[in-house]
Structure formats: structure tokens, C-alpha cells
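**Student:** The structure's right below; bear with me while I get my questions together.
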Amino acid sequence: MQDALVIGEFRFGSRLFVGTGKYKDLQETEVATFASGAEVVTVALRRVDLAARGEGSLHGVLTKLGVTILPNTAGCYTAADALRTARLARELLETPLVKLEVIGDEKTLFPDNEATLEAARVLVKEGFVVLPYCIDDPIICKKLEDAGCAAVMPLAAPIGSGLGIRNPYNLMIIREQTKLPVIVDAGVGTASDAARAMELGCDGVLMNTAIAGARDPVLMAEAMRDAVAAGRRAFLAGRIPQKLYASASSPASGLIA
């Protein structure tokens with residue numbers, strides 16, 4: 001925890017957040033989640049019955065793993081729906097955490113910036129720790145920060161696309177201008193995408209399809225765990241400057257004739 005990720009009052013050792021959808025069964029969900037090393041697992045409240053408890057339930061599995069559940073408002077297309085879902089999540093799980101999603105388009109699943117900002121302002125006033133899913137737009141990220149959100153979660157690419165980071169320059173601007181944790185959310189396809197996000201200075205990565213949709217989800221979960229950790233260490237270490245021409249790695253002085 002020397003390099004802990006701090007979001008509001010919460011501290012996490014792992015910077016990999018994972019979802020629970022698209023696995024073939026609950027056992028695969030459990031094994032892959034454990035292999036990922038993730039301490040935060042997001043669950044779509046409108047698609048999963050978290051009121052079901054005990055053995056054989058998703059809530060039971062997550063409780064067994066000892067992870068922090070991050071309820072999300074996936075499937076909401078209006079601010080009102082997102083607010084209703086977030087409040088239900090707080091009642092069911094007794095947590096102030098919420099991943100705020102307000103979708104604006106069914107085909108691309110891009111978020112509705114205006115509705116997201118509207119809902120975020122209300123939830124912050126109600127005491128929620130709000131992590132909003134948003135476009136990789138520095139302007140909306142700044143507005144969400146000013147609204148009191150605890151982090152910003154810009155997409156790398158459309159949800160489930162596996163395209164990887166489409167605009168690293170926007171992510172760099174977002175990282176530069178905000179004091180909040182930046183969690184890349186959506187579009188990661190493989191371990192190099194996760195490592196790249198962390199090397200850019202992002203504070204974490206959230207993914208679901210990249211792991212659950214892999215040929216071997218458990219092995220991919222391990223790969224993502226290691227990639228996020230390696231990318232973070234590379235960022236902290238500080239990469240060498242990029243140059244057009246070669247630069248000898250051996251000293252020029254003291255050459256043997």
C-alpha cells in the first residue's frame with residue numbers, strides 16, 4: 001500500500017478494476033476475479049440481482065473474495081434513471097461508491113455528457129463518492145472534477161470494442177489538468193493496452209470484456225494484473241526521452257585503441 005490508489009476515503013493496493021459480466025458461469029467469475037488481484041469489482045445493478053445473498057449468488061462470491069463492490073448505473077439512458085439506480089445501490093450495499101454511467105447512444109454506448117454531469121452534481125450533494133464514465137474529453141473531465149466527483153473514468157475506446165487506446169493525447173491532457181485519479185474505462189483489449197494506459201500516467205484501468213471474453217479468462221486476468229503493475233512501475237521510473245537518431249549506450253571516453 002506504499003503506492004496506494006486513493007479515491008475519496010478509500011485506499012486500494014491494486015490499480016486494476018474488473019467487472020463481472022460475460023463469464024460463462026459464477027465459478028469462472030470467481031477464479032478470474034481472484035487471479036486479477038483486483039480489489040474493486042464493478043457490478044451493474046440493473047442487470048444483476050444483488051439482493052440475492054449467500055452461497056451461489058454473485059454477492060456471496062464477491063463477499064468471499066473480500067473485494068469492494070462498486071455498483072454502476074449501466075443501462076441508464078437518463079439522469080433520472082441513473083439517480084434512482086444509484087440510490088438503490090446505496091440502500092442495498094450500504095456504500096457511498098457509485099460508478100456513474102448515463103448512456104447517450106445505443107449503438108456506440110458513448111455517454112451522454114450533459115446527463116452525466118447533471119446526475120453527478122446531484123449525487124455529490126447527496127454524499128456519494130462518484131466515479132463517472134465519460135468521453136475522453138478534457139473539458140467534460142474538468143467539469144466533472146469541479147462538480148465534486150472523486151475520480152474521472154474516460155474511455156479508451158467504445159465499450160467492449162477491444163480497440164485499445166484510440167487517443168493517448170487526450171488522456172495525457174486529462175492527466176495533466178486534473179488532481180483526481182484518472183481510471184481508463186472501456187475499450188481495453190489486451191495487456192499492452194493496460195500497460196500503455198498506466199505508462200501515460202493514468203491511475204488505474206477498469207475492464208470486463210477483455211478478460212471475460214478471452215479464450216482463457218483466468219490467464220488473461222493474470223496478464224492484466226501484471227500489465228497494470230508493470231505500467232505503473234514504468235511510469236514511476238520515468239522513461240528515457242525519445243530521439244530520432246541513435247545514442248550509444250557505452251561511454252565514448254576511454255576507448256581502447
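Ordering of the C-alpha cells sets the chain letters (A, B, ...); residue numbers start at 1 within each chain; ligands are numbered from 1 in the order shown.
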Residues within 12 Å of A:Lys107, please, as a PyMOL selection string. Count only C-alpha atoms; anything in the same chain fewer than 5 positions from it doesn't count.

**Tutor:** chain A and resi 158-161

**Student:** Filtering to N, CA and C atoms, could you give me those residues as a PDB file, in the first residue's frame?

**Tutor:**
```
ATOM      1  N   PRO A 158     -14.740   2.523 -27.509  1.00  0.00           N
ATOM      2  CA  PRO A 158     -16.092   2.094 -27.150  1.00  0.00           C
ATOM      3  C   PRO A 158     -16.118   0.826 -26.292  1.00  0.00           C
ATOM      4  N   ILE A 159     -17.109   0.737 -25.424  1.00  0.00           N
ATOM      5  CA  ILE A 159     -17.264  -0.395 -24.512  1.00  0.00           C
ATOM      6  C   ILE A 159     -17.242  -1.721 -25.276  1.00  0.00           C
ATOM      7  N   GLY A 160     -16.403  -2.637 -24.818  1.00  0.00           N
ATOM      8  CA  GLY A 160     -16.360  -3.974 -25.395  1.00  0.00           C
ATOM      9  C   GLY A 160     -15.705  -4.072 -26.757  1.00  0.00           C
ATOM     10  N   SER A 161     -15.150  -2.966 -27.281  1.00  0.00           N
ATOM     11  CA  SER A 161     -14.588  -2.977 -28.634  1.00  0.00           C
ATOM     12  C   SER A 161     -13.214  -3.626 -28.703  1.00  0.00           C
TER      13      SER A 161
END
```

**Student:** List every residue of stretch 10-250 of chain A that DSSP, applied to the backbone of this structure, assigns to alpha helix (DSSP H), and report them as a ChimeraX atom specification.

**Tutor:** /A:26-36,58-65,79-93,113-125,138-146,168-177,191-199,209-212,217-237

**Student:** So that I can check the surroundings of stretch 219-224 of chain A, please list as a PDB file with all heavy atoms, in the first residue's frame every protein, DNA and RNA residue that reaches within 9 Å of it, counting only C-alpha atoms and ignoring chain neighbours fewer than 4 positions away.

**Tutor:**
```pdb
ATOM      1  N   LEU A  16      -6.093  -2.222 -10.781  1.00  0.00           N
ATOM      2  CA  LEU A  16      -6.928  -2.878 -11.776  1.00  0.00           C
ATOM      3  C   LEU A  16      -8.325  -3.071 -11.207  1.00  0.00           C
ATOM      4  O   LEU A  16      -8.498  -3.700 -10.169  1.00  0.00           O
ATOM      5  CB  LEU A  16      -6.336  -4.239 -12.167  1.00  0.00           C
ATOM      6  CG  LEU A  16      -7.180  -5.119 -13.096  1.00  0.00           C
ATOM      7  CD1 LEU A  16      -7.450  -4.415 -14.420  1.00  0.00           C
ATOM      8  CD2 LEU A  16      -6.480  -6.463 -13.322  1.00  0.00           C
ATOM      9  N   ALA A  32     -11.402 -15.997 -12.090  1.00  0.00           N
ATOM     10  CA  ALA A  32     -10.761 -14.933 -12.857  1.00  0.00           C
ATOM     11  C   ALA A  32     -10.607 -13.664 -12.020  1.00  0.00           C
ATOM     12  O   ALA A  32      -9.576 -12.977 -12.102  1.00  0.00           O
ATOM     13  CB  ALA A  32     -11.574 -14.641 -14.114  1.00  0.00           C
ATOM     14  N   THR A  33     -11.610 -13.351 -11.221  1.00  0.00           N
ATOM     15  CA  THR A  33     -11.519 -12.169 -10.369  1.00  0.00           C
ATOM     16  C   THR A  33     -10.394 -12.318  -9.365  1.00  0.00           C
ATOM     17  O   THR A  33      -9.612 -11.381  -9.142  1.00  0.00           O
ATOM     18  CB  THR A  33     -12.852 -11.934  -9.634  1.00  0.00           C
ATOM     19  OG1 THR A  33     -13.899 -11.777 -10.593  1.00  0.00           O
ATOM     20  CG2 THR A  33     -12.781 -10.691  -8.764  1.00  0.00           C
ATOM     21  N   PHE A  34     -10.277 -13.493  -8.780  1.00  0.00           N
ATOM     22  CA  PHE A  34      -9.183 -13.747  -7.846  1.00  0.00           C
ATOM     23  C   PHE A  34      -7.831 -13.621  -8.543  1.00  0.00           C
ATOM     24  O   PHE A  34      -6.887 -13.002  -8.020  1.00  0.00           O
ATOM     25  CB  PHE A  34      -9.325 -15.136  -7.226  1.00  0.00           C
ATOM     26  CG  PHE A  34      -8.216 -15.491  -6.283  1.00  0.00           C
ATOM     27  CD1 PHE A  34      -8.192 -14.989  -4.995  1.00  0.00           C
ATOM     28  CD2 PHE A  34      -7.177 -16.322  -6.684  1.00  0.00           C
ATOM     29  CE1 PHE A  34      -7.158 -15.310  -4.115  1.00  0.00           C
ATOM     30  CE2 PHE A  34      -6.138 -16.654  -5.824  1.00  0.00           C
ATOM     31  CZ  PHE A  34      -6.135 -16.137  -4.527  1.00  0.00           C
ATOM     32  N   ALA A  35      -7.727 -14.190  -9.752  1.00  0.00           N
ATOM     33  CA  ALA A  35      -6.461 -14.153 -10.498  1.00  0.00           C
ATOM     34  C   ALA A  35      -6.062 -12.737 -10.875  1.00  0.00           C
ATOM     35  O   ALA A  35      -4.867 -12.432 -10.988  1.00  0.00           O
ATOM     36  CB  ALA A  35      -6.577 -15.013 -11.757  1.00  0.00           C
ATOM     37  N   SER A  36      -7.049 -11.861 -11.061  1.00  0.00           N
ATOM     38  CA  SER A  36      -6.747 -10.487 -11.461  1.00  0.00           C
ATOM     39  C   SER A  36      -6.100  -9.673 -10.344  1.00  0.00           C
ATOM     40  O   SER A  36      -5.450  -8.659 -10.603  1.00  0.00           O
ATOM     41  CB  SER A  36      -8.033  -9.775 -11.905  1.00  0.00           C
ATOM     42  OG  SER A  36      -8.857  -9.454 -10.784  1.00  0.00           O
ATOM     43  N   GLY A  37      -6.302 -10.105  -9.113  1.00  0.00           N
ATOM     44  CA  GLY A  37      -5.777  -9.351  -7.980  1.00  0.00           C
ATOM     45  C   GLY A  37      -6.543  -8.066  -7.713  1.00  0.00           C
ATOM     46  O   GLY A  37      -6.135  -7.259  -6.865  1.00  0.00           O
ATOM     47  N   THR A 190      -6.112  -5.958 -24.635  1.00  0.00           N
ATOM     48  CA  THR A 190      -5.076  -6.893 -24.223  1.00  0.00           C
ATOM     49  C   THR A 190      -4.135  -6.212 -23.234  1.00  0.00           C
ATOM     50  O   THR A 190      -4.291  -5.022 -22.929  1.00  0.00           O
ATOM     51  CB  THR A 190      -4.304  -7.420 -25.446  1.00  0.00           C
ATOM     52  OG1 THR A 190      -3.463  -8.509 -25.050  1.00  0.00           O
ATOM     53  CG2 THR A 190      -3.471  -6.333 -26.108  1.00  0.00           C
ATOM     54  N   ALA A 191      -3.163  -6.974 -22.745  1.00  0.00           N
ATOM     55  CA  ALA A 191      -2.318  -6.485 -21.655  1.00  0.00           C
ATOM     56  C   ALA A 191      -1.530  -5.234 -22.035  1.00  0.00           C
ATOM     57  O   ALA A 191      -1.326  -4.347 -21.208  1.00  0.00           O
ATOM     58  CB  ALA A 191      -1.370  -7.596 -21.210  1.00  0.00           C
ATOM     59  N   SER A 192      -1.079  -5.151 -23.288  1.00  0.00           N
ATOM     60  CA  SER A 192      -0.295  -3.985 -23.697  1.00  0.00           C
ATOM     61  C   SER A 192      -1.128  -2.705 -23.632  1.00  0.00           C
ATOM     62  O   SER A 192      -0.594  -1.621 -23.373  1.00  0.00           O
ATOM     63  CB  SER A 192       0.263  -4.179 -25.105  1.00  0.00           C
ATOM     64  OG  SER A 192      -0.770  -4.408 -26.038  1.00  0.00           O
ATOM     65  N   ALA A 194      -3.441  -2.085 -21.367  1.00  0.00           N
ATOM     66  CA  ALA A 194      -3.470  -1.727 -19.948  1.00  0.00           C
ATOM     67  C   ALA A 194      -2.150  -1.100 -19.511  1.00  0.00           C
ATOM     68  O   ALA A 194      -2.122  -0.091 -18.803  1.00  0.00           O
ATOM     69  CB  ALA A 194      -3.781  -2.956 -19.100  1.00  0.00           C
ATOM     70  N   ALA A 195      -1.049  -1.700 -19.952  1.00  0.00           N
ATOM     71  CA  ALA A 195       0.266  -1.167 -19.613  1.00  0.00           C
ATOM     72  C   ALA A 195       0.446   0.234 -20.177  1.00  0.00           C
ATOM     73  O   ALA A 195       0.970   1.134 -19.517  1.00  0.00           O
ATOM     74  CB  ALA A 195       1.365  -2.092 -20.128  1.00  0.00           C
ATOM     75  N   ALA A 210     -12.372  -7.617 -21.927  1.00  0.00           N
ATOM     76  CA  ALA A 210     -11.009  -8.031 -22.270  1.00  0.00           C
ATOM     77  C   ALA A 210     -10.600  -9.291 -21.522  1.00  0.00           C
ATOM     78  O   ALA A 210      -9.826 -10.113 -22.036  1.00  0.00           O
ATOM     79  CB  ALA A 210     -10.020  -6.904 -21.981  1.00  0.00           C
ATOM     80  N   ILE A 211     -11.117  -9.458 -20.315  1.00  0.00           N
ATOM     81  CA  ILE A 211     -10.816 -10.661 -19.535  1.00  0.00           C
ATOM     82  C   ILE A 211     -11.861 -11.742 -19.783  1.00  0.00           C
ATOM     83  O   ILE A 211     -11.544 -12.863 -20.176  1.00  0.00           O
ATOM     84  CB  ILE A 211     -10.736 -10.320 -18.031  1.00  0.00           C
ATOM     85  CG1 ILE A 211      -9.551  -9.385 -17.745  1.00  0.00           C
ATOM     86  CG2 ILE A 211     -10.598 -11.607 -17.205  1.00  0.00           C
ATOM     87  CD1 ILE A 211      -9.458  -8.922 -16.302  1.00  0.00           C
ATOM     88  N   ALA A 212     -13.127 -11.397 -19.574  1.00  0.00           N
ATOM     89  CA  ALA A 212     -14.199 -12.395 -19.673  1.00  0.00           C
ATOM     90  C   ALA A 212     -14.352 -12.958 -21.078  1.00  0.00           C
ATOM     91  O   ALA A 212     -14.756 -14.110 -21.260  1.00  0.00           O
ATOM     92  CB  ALA A 212     -15.521 -11.783 -19.221  1.00  0.00           C
ATOM     93  N   ALA A 214     -11.846 -13.368 -23.263  1.00  0.00           N
ATOM     94  CA  ALA A 214     -10.615 -14.002 -23.736  1.00  0.00           C
ATOM     95  C   ALA A 214     -10.801 -15.521 -23.847  1.00  0.00           C
ATOM     96  O   ALA A 214     -11.677 -16.093 -23.200  1.00  0.00           O
ATOM     97  CB  ALA A 214      -9.464 -13.686 -22.787  1.00  0.00           C
ATOM     98  N   ARG A 215      -9.964 -16.149 -24.648  1.00  0.00           N
ATOM     99  CA  ARG A 215     -10.039 -17.606 -24.780  1.00  0.00           C
ATOM    100  C   ARG A 215      -9.796 -18.278 -23.430  1.00  0.00           C
ATOM    101  O   ARG A 215     -10.420 -19.289 -23.102  1.00  0.00           O
ATOM    102  CB  ARG A 215      -9.020 -18.081 -25.815  1.00  0.00           C
ATOM    103  CG  ARG A 215      -9.109 -19.589 -26.127  1.00  0.00           C
ATOM    104  CD  ARG A 215      -8.240 -19.986 -27.295  1.00  0.00           C
ATOM    105  NE  ARG A 215      -6.832 -19.732 -27.059  1.00  0.00           N
ATOM    106  CZ  ARG A 215      -6.106 -18.807 -27.687  1.00  0.00           C
ATOM    107  NH1 ARG A 215      -6.685 -18.016 -28.587  1.00  0.00           N
ATOM    108  NH2 ARG A 215      -4.829 -18.631 -27.431  1.00  0.00           N
ATOM    109  N   VAL A 228      -0.824  -3.972 -15.576  1.00  0.00           N
ATOM    110  CA  VAL A 228      -1.135  -2.751 -14.841  1.00  0.00           C
ATOM    111  C   VAL A 228      -0.006  -2.426 -13.862  1.00  0.00           C
ATOM    112  O   VAL A 228       0.423  -1.273 -13.746  1.00  0.00           O
ATOM    113  CB  VAL A 228      -2.489  -2.885 -14.115  1.00  0.00           C
ATOM    114  CG1 VAL A 228      -2.686  -1.750 -13.114  1.00  0.00           C
ATOM    115  CG2 VAL A 228      -3.625  -2.895 -15.123  1.00  0.00           C
ATOM    116  N   ALA A 229       0.480  -3.442 -13.169  1.00  0.00           N
ATOM    117  CA  ALA A 229       1.568  -3.226 -12.209  1.00  0.00           C
ATOM    118  C   ALA A 229       2.845  -2.781 -12.922  1.00  0.00           C
ATOM    119  O   ALA A 229       3.540  -1.859 -12.469  1.00  0.00           O
ATOM    120  CB  ALA A 229       1.822  -4.501 -11.417  1.00  0.00           C
TER     121      ALA A 229
END
```

**Student:** Produce a table with one row for each residue of stretch 42-129 of chain A that has an atom at most 9 Å from any atom of stretch 133-157 of chain A, each row naming the nearest atom pair and its distance in Å at one decimal; use only C-alpha atoms; arrange rows by chain and rising residue number; format as a Markdown table.

**Tutor:**
```
| residue | atom | partner | partner_atom | distance |
| --- | --- | --- | --- | --- |
| A:Lys99 | CA | A:Tyr133 | CA | 7.0 |
| A:Leu100 | CA | A:Tyr133 | CA | 6.0 |
| A:Glu101 | CA | A:Tyr133 | CA | 5.5 |
| A:Val102 | CA | A:Tyr133 | CA | 8.0 |
| A:Phe110 | CA | A:Ile135 | CA | 7.0 |
| A:Pro111 | CA | A:Cys134 | CA | 5.8 |
| A:Asp112 | CA | A:Cys134 | CA | 7.9 |
| A:Asn113 | CA | A:Cys134 | CA | 6.9 |
| A:Glu114 | CA | A:Ile140 | CA | 8.8 |
| A:Thr116 | CA | A:Cys134 | CA | 7.8 |
| A:Leu117 | CA | A:Leu144 | CA | 6.2 |
| A:Ala120 | CA | A:Ala147 | CA | 6.9 |
| A:Arg121 | CA | A:Ala147 | CA | 5.5 |
| A:Leu123 | CA | A:Cys149 | CA | 9.0 |
| A:Val124 | CA | A:Gly148 | CA | 6.1 |
| A:Lys125 | CA | A:Gly148 | CA | 8.6 |
| A:Phe128 | CA | A:Cys149 | CA | 8.7 |
| A:Val129 | CA | A:Ala150 | CA | 5.8 |
```

**Student:** Could you dump the residues just selected with N, CA and C atoms as a short mmCIF file (atom, residue, chain, number, x, y, z; two decimals), in the first residue's frame?

**Tutor:**
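Dumped to result22.cif:
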```cif
data_model
loop_
_atom_site.label_atom_id
_atom_site.label_comp_id
_atom_site.auth_asym_id
_atom_site.auth_seq_id
_atom_site.Cartn_x
_atom_site.Cartn_y
_atom_site.Cartn_z
N LYS A 99 -20.29 3.99 -9.65
CA LYS A 99 -19.76 4.28 -10.97
C LYS A 99 -20.94 4.79 -11.80
N LEU A 100 -20.88 6.04 -12.15
CA LEU A 100 -22.00 6.70 -12.82
C LEU A 100 -21.89 6.53 -14.34
N GLU A 101 -22.91 5.90 -14.92
CA GLU A 101 -23.00 5.76 -16.38
C GLU A 101 -24.37 6.26 -16.83
N VAL A 102 -24.36 7.20 -17.75
CA VAL A 102 -25.60 7.61 -18.42
C VAL A 102 -25.31 7.54 -19.91
N PHE A 110 -21.66 5.44 -26.19
CA PHE A 110 -20.98 6.62 -25.68
C PHE A 110 -21.85 7.28 -24.61
N PRO A 111 -21.23 7.87 -23.60
CA PRO A 111 -22.00 8.51 -22.54
C PRO A 111 -22.61 9.84 -22.99
N ASP A 112 -23.69 10.21 -22.33
CA ASP A 112 -24.33 11.49 -22.52
C ASP A 112 -23.67 12.47 -21.54
N ASN A 113 -22.84 13.37 -22.07
CA ASN A 113 -22.08 14.27 -21.20
C ASN A 113 -22.98 15.14 -20.33
N GLU A 114 -24.02 15.72 -20.92
CA GLU A 114 -24.88 16.62 -20.17
C GLU A 114 -25.62 15.89 -19.05
N THR A 116 -24.77 13.03 -17.67
CA THR A 116 -23.79 12.54 -16.70
C THR A 116 -23.43 13.64 -15.71
N LEU A 117 -23.17 14.82 -16.22
CA LEU A 117 -22.82 15.95 -15.37
C LEU A 117 -23.98 16.33 -14.45
N ALA A 120 -24.22 13.67 -11.78
CA ALA A 120 -23.06 13.75 -10.88
C ALA A 120 -23.23 14.84 -9.84
N ARG A 121 -23.71 15.98 -10.25
CA ARG A 121 -23.89 17.10 -9.32
C ARG A 121 -24.88 16.74 -8.21
N LEU A 123 -25.69 13.62 -7.17
CA LEU A 123 -25.15 12.54 -6.33
C LEU A 123 -24.08 13.04 -5.37
N VAL A 124 -23.23 13.94 -5.83
CA VAL A 124 -22.21 14.51 -4.95
C VAL A 124 -22.86 15.23 -3.78
N LYS A 125 -23.91 15.99 -4.04
CA LYS A 125 -24.63 16.70 -2.98
C LYS A 125 -25.27 15.73 -1.99
N PHE A 128 -22.57 10.84 -2.23
CA PHE A 128 -21.98 9.72 -2.96
C PHE A 128 -20.52 10.02 -3.31
N VAL A 129 -19.74 8.94 -3.40
CA VAL A 129 -18.39 9.01 -3.97
C VAL A 129 -18.54 8.62 -5.43
#
```

**Student:** Go ahead and compute the interatomic distance for atom CA of A:Gly189 and atom CA of A:Lys22, in Å to one decimal.

**Tutor:**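 Going from atom CA of A:Gly189 over to atom CA of A:Lys22 covers 14.6 Å.
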
**Student:** For A:Met172, work out the shell of residues within 10 Å, counting only C-alpha atoms and skipping chain neighbours fewer than 4 positions away, then give it as a ChimeraX atom specification.

**Tutor:** /A:138,167-168,176-177,197,200-202

**Student:** For those residues, write N, CA and C atoms to a file as a compact mmCIF listing (two decimals), in the first residue's frame.

**Tutor:**
```txt
# COMPACT_ATOMS: atom_id res chain seq x y z
N PRO A 138 -11.13 16.35 -22.28
CA PRO A 138 -10.63 17.11 -21.13
C PRO A 138 -11.64 18.10 -20.56
N ASN A 167 -6.92 7.55 -28.36
CA ASN A 167 -6.42 8.91 -28.31
C ASN A 167 -5.57 9.13 -27.06
N PRO A 168 -4.32 8.70 -27.10
CA PRO A 168 -3.46 8.85 -25.92
C PRO A 168 -3.21 10.31 -25.55
N GLU A 176 -2.87 15.64 -17.02
CA GLU A 176 -2.13 16.85 -16.69
C GLU A 176 -2.98 17.88 -15.97
N GLN A 177 -4.26 17.97 -16.35
CA GLN A 177 -5.08 19.07 -15.85
C GLN A 177 -5.85 18.75 -14.58
N ALA A 197 -1.85 2.48 -20.83
CA ALA A 197 -2.64 3.44 -20.06
C ALA A 197 -1.90 3.86 -18.79
N LEU A 200 1.10 6.13 -19.46
CA LEU A 200 0.70 7.51 -19.74
C LEU A 200 0.45 8.31 -18.47
N GLY A 201 0.43 7.63 -17.33
CA GLY A 201 0.21 8.31 -16.07
C GLY A 201 -1.17 8.15 -15.49
N CYS A 202 -2.01 7.34 -16.14
CA CYS A 202 -3.33 7.08 -15.57
C CYS A 202 -3.18 6.31 -14.26
```

**Student:** Which one is closest to A:Lys24: A:Asp216, A:Arg175, A:Pro181, A:Thr108? Count only C-alpha atoms.

**Tutor:**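 Answer, going by the shortest atom-to-atom distance: A:Asp216.
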
**Student:** What is the atom CA of A:Ser57 to atom CA of A:Asp25 distance in Å?

**Tutor:**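 Atom CA of A:Asp25 lies at a distance of 11.0 Å from atom CA of A:Ser57.
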
**Student:** Write out as a list in words which residues come within 6 Å of A:Phe17 when counting only C-alpha atoms, dropping same-chain ones fewer than 2 positions away.

**Tutor:**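 My reading of the contact set: Ala38, Val40, Val41 and Leu206 of chain A.
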
**Student:** Could you give me, as CSV, a per-residue list for stretch 130-208 of chain A showing, wherever an atom lies at most 12 Å from an atom of stretch 82-92 of chain A, the closest pair of atoms and their distance in Å to one decimal, using only C-alpha atoms and sorting by chain then residue number from low to high?

**Tutor:**
```
residue,atom,partner,partner_atom,distance
A:Val130,CA,A:Ala86,CA,9.7
A:Leu131,CA,A:Ala86,CA,11.5
A:Pro132,CA,A:Ala82,CA,11.1
```

**Student:** Generate a file of the selected residues that holds all heavy atoms, formatted as a compact mmCIF listing (two decimals), in the first residue's frame.

**Tutor:**
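Result file follows (selection30.txt):
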```
# COMPACT_ATOMS: atom_id res chain seq x y z
N VAL A 130 -18.52 9.62 -6.31
CA VAL A 130 -18.93 9.43 -7.70
C VAL A 130 -17.73 9.23 -8.62
O VAL A 130 -16.81 10.05 -8.64
CB VAL A 130 -19.76 10.63 -8.19
CG1 VAL A 130 -20.24 10.40 -9.63
CG2 VAL A 130 -20.94 10.88 -7.27
N LEU A 131 -17.78 8.11 -9.36
CA LEU A 131 -16.77 7.82 -10.38
C LEU A 131 -17.49 7.78 -11.73
O LEU A 131 -18.11 6.78 -12.07
CB LEU A 131 -16.08 6.47 -10.12
CG LEU A 131 -15.13 6.38 -8.93
CD1 LEU A 131 -15.90 6.36 -7.61
CD2 LEU A 131 -14.26 5.14 -9.02
N PRO A 132 -17.45 8.86 -12.50
CA PRO A 132 -18.24 8.93 -13.73
C PRO A 132 -17.50 8.39 -14.96
O PRO A 132 -16.34 8.72 -15.21
CB PRO A 132 -18.49 10.43 -13.88
CG PRO A 132 -17.28 11.06 -13.26
CD PRO A 132 -16.84 10.14 -12.16
```

**Student:** Using only C-alpha atoms for the distances, tell me which of A:Val218, A:Ile240, A:Leu70, A:Val188 is nearest to A:Thr29.

**Tutor:** A:Val218

**Student:** Output as a ChimeraX atom specification all residues of stretch 20-144 of chain A that backbone DSSP marks as strand (DSSP E or B).

**Tutor:** /A:40-44,68-72,97-100,103,111,129-134
